[in-house]
Amino acid sequence: MFMEHAERSDKAMDVIVVGGGPVGLMTAALLDVAGAGVEVYERGSELTRQSRGTAMHPRTLEVLTMIDAGGGRRISDVLLAQGRRVPDAHCAGLPDLPGYRSLDTPFPFTLTLPQRRTGHAPAACPDGRGVRVRYGAEVTAAEQSADEARVQASGAWHTARYLAGARSMVRKAAGIGFHGGVPDQVGWVGDVQLAGPVEHARHHWHQEPGHANVVPLGGSAARVYGTMPAIASWPPDRRAGRKRRSACRD
């Protein structure tokens, strides 16, 4: 029987979160604010050092004001002190350059900073509160019964009232499909050191031949990204493969 092998903490967990990236850690931090006991299982031995995503939008920053970072500061305060504010930036392939200056928000801009920093901020906050992060614990199975959820990690089973998945393994275990079409564009991205500092974001936006963007990250560091034009002649499997690799780098 499962209960003979289940491992429980001294205090039974309310929620287990699978995946300790920014999404999983933020989910855990928000649950902690609500008073829930949370465990996070992350297969990596530490937080990623890769840059990946670099933009945080106004509504995200508004949510981050809910989480105490200690010393009278909120997580939003910590990230604002580290990032760069960009009031105008392209988003989601829209043909026009949207402006954030007129939004009804205390954060009328996107905040640019490497994902390794956005992940470290919430990771530092749960310590000593209702969240425990287990690194090097890869979840390999997930199940549920009428009154609990359970996961298998590092050869042992762990239980909680609820399970939140920041990784696709949980979605697949729950039988939730992931529907979509075959992509017809190739995205590219890189963090580079330029010959000199970039003062403002620059956008070269062309829907037909593709576009390129340069966003400063501080000093001479900048993120350059964009898309190549649609390649309808590529075989579907190759197009899908190129799209997956592009998504993993961003």
# chains A, B, ... in the order shown; residues from 1 in each chain; ligands from 1

call {"tool": "residues_around", "arguments": {"residues": "region 100-112 of chain A", "least_positions_apart": "5", "cutoff": "8 Å", "atoms": "only C-alpha atoms", "output": "short mmCIF file (atom, residue, chain, number, x, y, z; two decimals) with C-alpha atoms, in the first residue's frame"}}
result
data_model
loop_
_atom_site.label_atom_id
_atom_site.label_comp_id
_atom_site.auth_asym_id
_atom_site.auth_seq_id
_atom_site.Cartn_x
_atom_site.Cartn_y
_atom_site.Cartn_z
CA THR A 54 14.78 38.90 -19.27
CA ALA A 55 11.51 40.88 -19.26
CA MET A 56 9.06 41.41 -16.41
CA HIS A 57 5.84 43.21 -17.25
CA PRO A 58 3.88 45.73 -15.13
CA ARG A 59 1.23 43.31 -13.89
CA LEU A 61 5.64 43.54 -10.77
CA GLU A 62 2.31 44.44 -9.18
CA LEU A 80 13.70 47.10 -9.38
CA GLY A 83 17.03 45.72 -13.32
CA ARG A 84 16.64 48.33 -16.02
CA ARG A 85 13.35 50.03 -16.83
CA VAL A 86 12.29 50.00 -20.49
CA PRO A 87 9.13 52.05 -21.13
CA ASP A 88 8.69 50.93 -24.76
CA ALA A 89 9.29 47.40 -26.05
CA VAL A 215 17.66 45.69 -25.05
CA PRO A 216 20.31 46.95 -22.59
CA LEU A 217 21.05 44.80 -19.54
#

call {"tool": "select_by_dssp", "arguments": {"residues": "region 146-240 of chain A", "states": "alpha helix (DSSP H)", "output": "PyMOL selection string"}}
result
chain A and resi 168-173+236-240

call {"tool": "closest_atom_pairs", "arguments": {"of": "region 17-113 of chain A", "to": "region 166-185 of chain A", "cutoff": "6 Å", "atoms": "only C-alpha atoms", "output": "tab-separated table"}}
result
residue	atom	partner	partner_atom	distance
A:Val18	CA	A:Ala166	CA	5.6
A:Gly19	CA	A:Ala166	CA	5.1
A:Gly24	CA	A:Ala166	CA	5.4

call {"tool": "closest_residue", "arguments": {"among": "A:Leu64, A:Leu79, A:Ala28, A:Met13", "to": "Arg150 (chain A)", "atoms": "only C-alpha atoms"}}
result
A:Met13

call {"tool": "atom_distance", "arguments": {"atom1": "CA of His204 (chain A)", "atom2": "CA of Ala222 (chain A)"}}
result
15.2 Å

call {"tool": "closest_residue", "arguments": {"among": "A:Ser154, A:Asn213, A:Ser220, A:Ser76", "to": "Gln193 (chain A)", "atoms": "only C-alpha atoms"}}
result
A:Ser220

call {"tool": "atom_distance", "arguments": {"atom1": "CA of Val133 (chain A)", "atom2": "CA of Leu113 (chain A)"}}
result
23.4 Å

call {"tool": "select_by_dssp", "arguments": {"residues": "region 40-209 of chain A", "states": "strand (DSSP E)", "output": "PyMOL selection string"}}
result
chain A and resi 40-42+55-56+68-70+73-74+84-86+110-112+131-135+139-144+149-153+156-165+186-193+202-204

call {"tool": "write_last_selection", "arguments": {"atoms": "N, CA and C atoms", "output": "compact mmCIF listing (two decimals), in the first residue's frame"}}
result
# COMPACT_ATOMS: atom_id res chain seq x y z
N VAL A 40 8.81 22.55 -2.40
CA VAL A 40 9.16 22.65 -3.81
C VAL A 40 10.19 21.58 -4.12
N TYR A 41 9.96 20.79 -5.17
CA TYR A 41 10.90 19.76 -5.61
C TYR A 41 11.52 20.19 -6.93
N GLU A 42 12.83 20.36 -6.93
CA GLU A 42 13.56 20.81 -8.11
C GLU A 42 14.65 19.80 -8.44
N ALA A 55 12.50 39.80 -19.38
CA ALA A 55 11.51 40.88 -19.26
C ALA A 55 10.45 40.55 -18.21
N MET A 56 10.17 41.52 -17.36
CA MET A 56 9.06 41.41 -16.41
C MET A 56 8.10 42.56 -16.69
N ASP A 68 6.80 39.71 0.85
CA ASP A 68 7.77 40.36 1.71
C ASP A 68 9.17 39.79 1.47
N ALA A 69 10.12 40.68 1.22
CA ALA A 69 11.51 40.25 1.01
C ALA A 69 12.37 40.52 2.24
N GLY A 70 11.77 41.00 3.33
CA GLY A 70 12.53 41.30 4.53
C GLY A 70 13.09 42.71 4.50
N ARG A 73 11.19 45.58 2.63
CA ARG A 73 11.12 45.61 1.18
C ARG A 73 10.25 44.47 0.66
N ARG A 74 9.76 44.66 -0.54
CA ARG A 74 9.02 43.64 -1.27
C ARG A 74 9.91 43.07 -2.36
N ARG A 84 16.68 47.11 -15.22
CA ARG A 84 16.64 48.33 -16.02
C ARG A 84 15.23 48.52 -16.54
N ARG A 85 14.73 49.74 -16.44
CA ARG A 85 13.35 50.03 -16.83
C ARG A 85 13.29 50.44 -18.30
N VAL A 86 12.44 49.74 -19.06
CA VAL A 86 12.29 50.00 -20.49
C VAL A 86 10.83 50.36 -20.75
N THR A 110 8.58 47.82 -18.80
CA THR A 110 9.03 46.46 -18.57
C THR A 110 10.38 46.54 -17.86
N LEU A 111 10.62 45.61 -16.99
CA LEU A 111 11.88 45.56 -16.25
C LEU A 111 12.74 44.47 -16.87
N THR A 112 13.95 44.82 -17.30
CA THR A 112 14.82 43.83 -17.91
C THR A 112 15.95 43.47 -16.95
N VAL A 131 7.80 27.56 3.46
CA VAL A 131 8.23 26.92 2.22
C VAL A 131 9.55 26.20 2.44
N ARG A 132 9.63 24.97 1.90
CA ARG A 132 10.90 24.25 1.90
C ARG A 132 11.21 23.85 0.47
N VAL A 133 12.42 24.21 0.00
CA VAL A 133 12.85 23.89 -1.35
C VAL A 133 13.84 22.74 -1.29
N ARG A 134 13.54 21.67 -2.03
CA ARG A 134 14.41 20.50 -2.09
C ARG A 134 15.10 20.46 -3.45
N TYR A 135 16.39 20.75 -3.48
CA TYR A 135 17.15 20.70 -4.72
C TYR A 135 17.69 19.29 -4.92
N VAL A 139 11.17 14.68 -9.57
CA VAL A 139 9.89 13.98 -9.46
C VAL A 139 9.70 13.11 -10.69
N THR A 140 9.51 11.82 -10.47
CA THR A 140 9.39 10.86 -11.57
C THR A 140 7.99 10.29 -11.73
N ALA A 141 7.12 10.52 -10.74
CA ALA A 141 5.74 10.01 -10.83
C ALA A 141 4.85 10.88 -9.97
N ALA A 142 3.59 10.95 -10.35
CA ALA A 142 2.60 11.72 -9.59
C ALA A 142 1.27 10.98 -9.62
N GLU A 143 0.59 10.95 -8.48
CA GLU A 143 -0.70 10.28 -8.36
C GLU A 143 -1.59 11.10 -7.45
N GLN A 144 -2.87 10.75 -7.45
CA GLN A 144 -3.80 11.40 -6.53
C GLN A 144 -4.88 10.42 -6.09
N ALA A 149 -2.65 14.28 -2.78
CA ALA A 149 -1.81 14.09 -3.96
C ALA A 149 -0.47 13.57 -3.49
N ARG A 150 0.25 12.88 -4.36
CA ARG A 150 1.53 12.32 -3.96
C ARG A 150 2.48 12.29 -5.15
N VAL A 151 3.74 12.44 -4.85
CA VAL A 151 4.77 12.40 -5.88
C VAL A 151 5.89 11.48 -5.43
N GLN A 152 6.59 10.92 -6.40
CA GLN A 152 7.77 10.12 -6.12
C GLN A 152 9.00 10.91 -6.53
N ALA A 153 9.91 11.07 -5.60
CA ALA A 153 11.15 11.82 -5.85
C ALA A 153 12.27 11.16 -5.07
N ALA A 156 11.49 7.99 -3.01
CA ALA A 156 10.52 8.00 -1.91
C ALA A 156 9.26 8.73 -2.35
N TRP A 157 8.15 8.40 -1.69
CA TRP A 157 6.88 9.06 -1.97
C TRP A 157 6.65 10.16 -0.94
N HIS A 158 6.07 11.27 -1.40
CA HIS A 158 5.77 12.41 -0.54
C HIS A 158 4.34 12.85 -0.81
N THR A 159 3.63 13.28 0.21
CA THR A 159 2.21 13.58 0.07
C THR A 159 1.91 15.01 0.49
N ALA A 160 0.81 15.52 -0.05
CA ALA A 160 0.28 16.83 0.30
C ALA A 160 -1.20 16.84 -0.07
N ARG A 161 -1.88 17.87 0.34
CA ARG A 161 -3.29 17.97 -0.02
C ARG A 161 -3.45 18.28 -1.51
N TYR A 162 -2.53 19.10 -2.06
CA TYR A 162 -2.62 19.50 -3.46
C TYR A 162 -1.25 19.40 -4.12
N LEU A 163 -1.27 19.31 -5.44
CA LEU A 163 -0.04 19.26 -6.23
C LEU A 163 -0.12 20.32 -7.31
N ALA A 164 0.91 21.15 -7.40
CA ALA A 164 0.99 22.17 -8.44
C ALA A 164 2.17 21.85 -9.34
N GLY A 165 1.97 21.87 -10.64
CA GLY A 165 3.02 21.48 -11.57
C GLY A 165 3.56 22.65 -12.35
N VAL A 186 11.16 31.04 -36.80
CA VAL A 186 12.31 30.65 -36.00
C VAL A 186 12.76 31.86 -35.19
N GLY A 187 12.79 31.71 -33.88
CA GLY A 187 13.26 32.79 -33.03
C GLY A 187 14.71 32.60 -32.64
N TRP A 188 15.41 33.69 -32.42
CA TRP A 188 16.81 33.62 -31.98
C TRP A 188 17.01 34.62 -30.86
N VAL A 189 17.97 34.32 -29.99
CA VAL A 189 18.20 35.17 -28.83
C VAL A 189 19.63 34.97 -28.36
N GLY A 190 20.22 36.01 -27.82
CA GLY A 190 21.56 35.91 -27.26
C GLY A 190 21.85 37.08 -26.34
N ASP A 191 22.62 36.83 -25.29
CA ASP A 191 23.11 37.88 -24.41
C ASP A 191 24.57 38.12 -24.76
N VAL A 192 24.91 39.36 -25.12
CA VAL A 192 26.23 39.65 -25.67
C VAL A 192 26.84 40.87 -24.98
N GLN A 193 28.14 40.98 -25.11
CA GLN A 193 28.88 42.17 -24.69
C GLN A 193 29.18 42.99 -25.94
N ARG A 202 16.47 49.30 -28.72
CA ARG A 202 16.37 49.58 -30.14
C ARG A 202 15.61 48.44 -30.81
N HIS A 203 14.72 48.81 -31.70
CA HIS A 203 13.88 47.80 -32.35
C HIS A 203 13.87 48.03 -33.86
N HIS A 204 14.16 46.98 -34.59
CA HIS A 204 14.07 47.00 -36.05
C HIS A 204 13.01 45.96 -36.42

call {"tool": "residues_around", "arguments": {"residues": "Arg43 (chain A)", "least_positions_apart": "5", "cutoff": "6 Å", "atoms": "only C-alpha atoms", "output": "list of chain:residue names"}}
result
A:Gly136, A:Ala137, A:Glu138

call {"tool": "atom_distance", "arguments": {"atom1": "CA of Met26 (chain A)", "atom2": "CA of Arg223 (chain A)"}}
result
23.9 Å
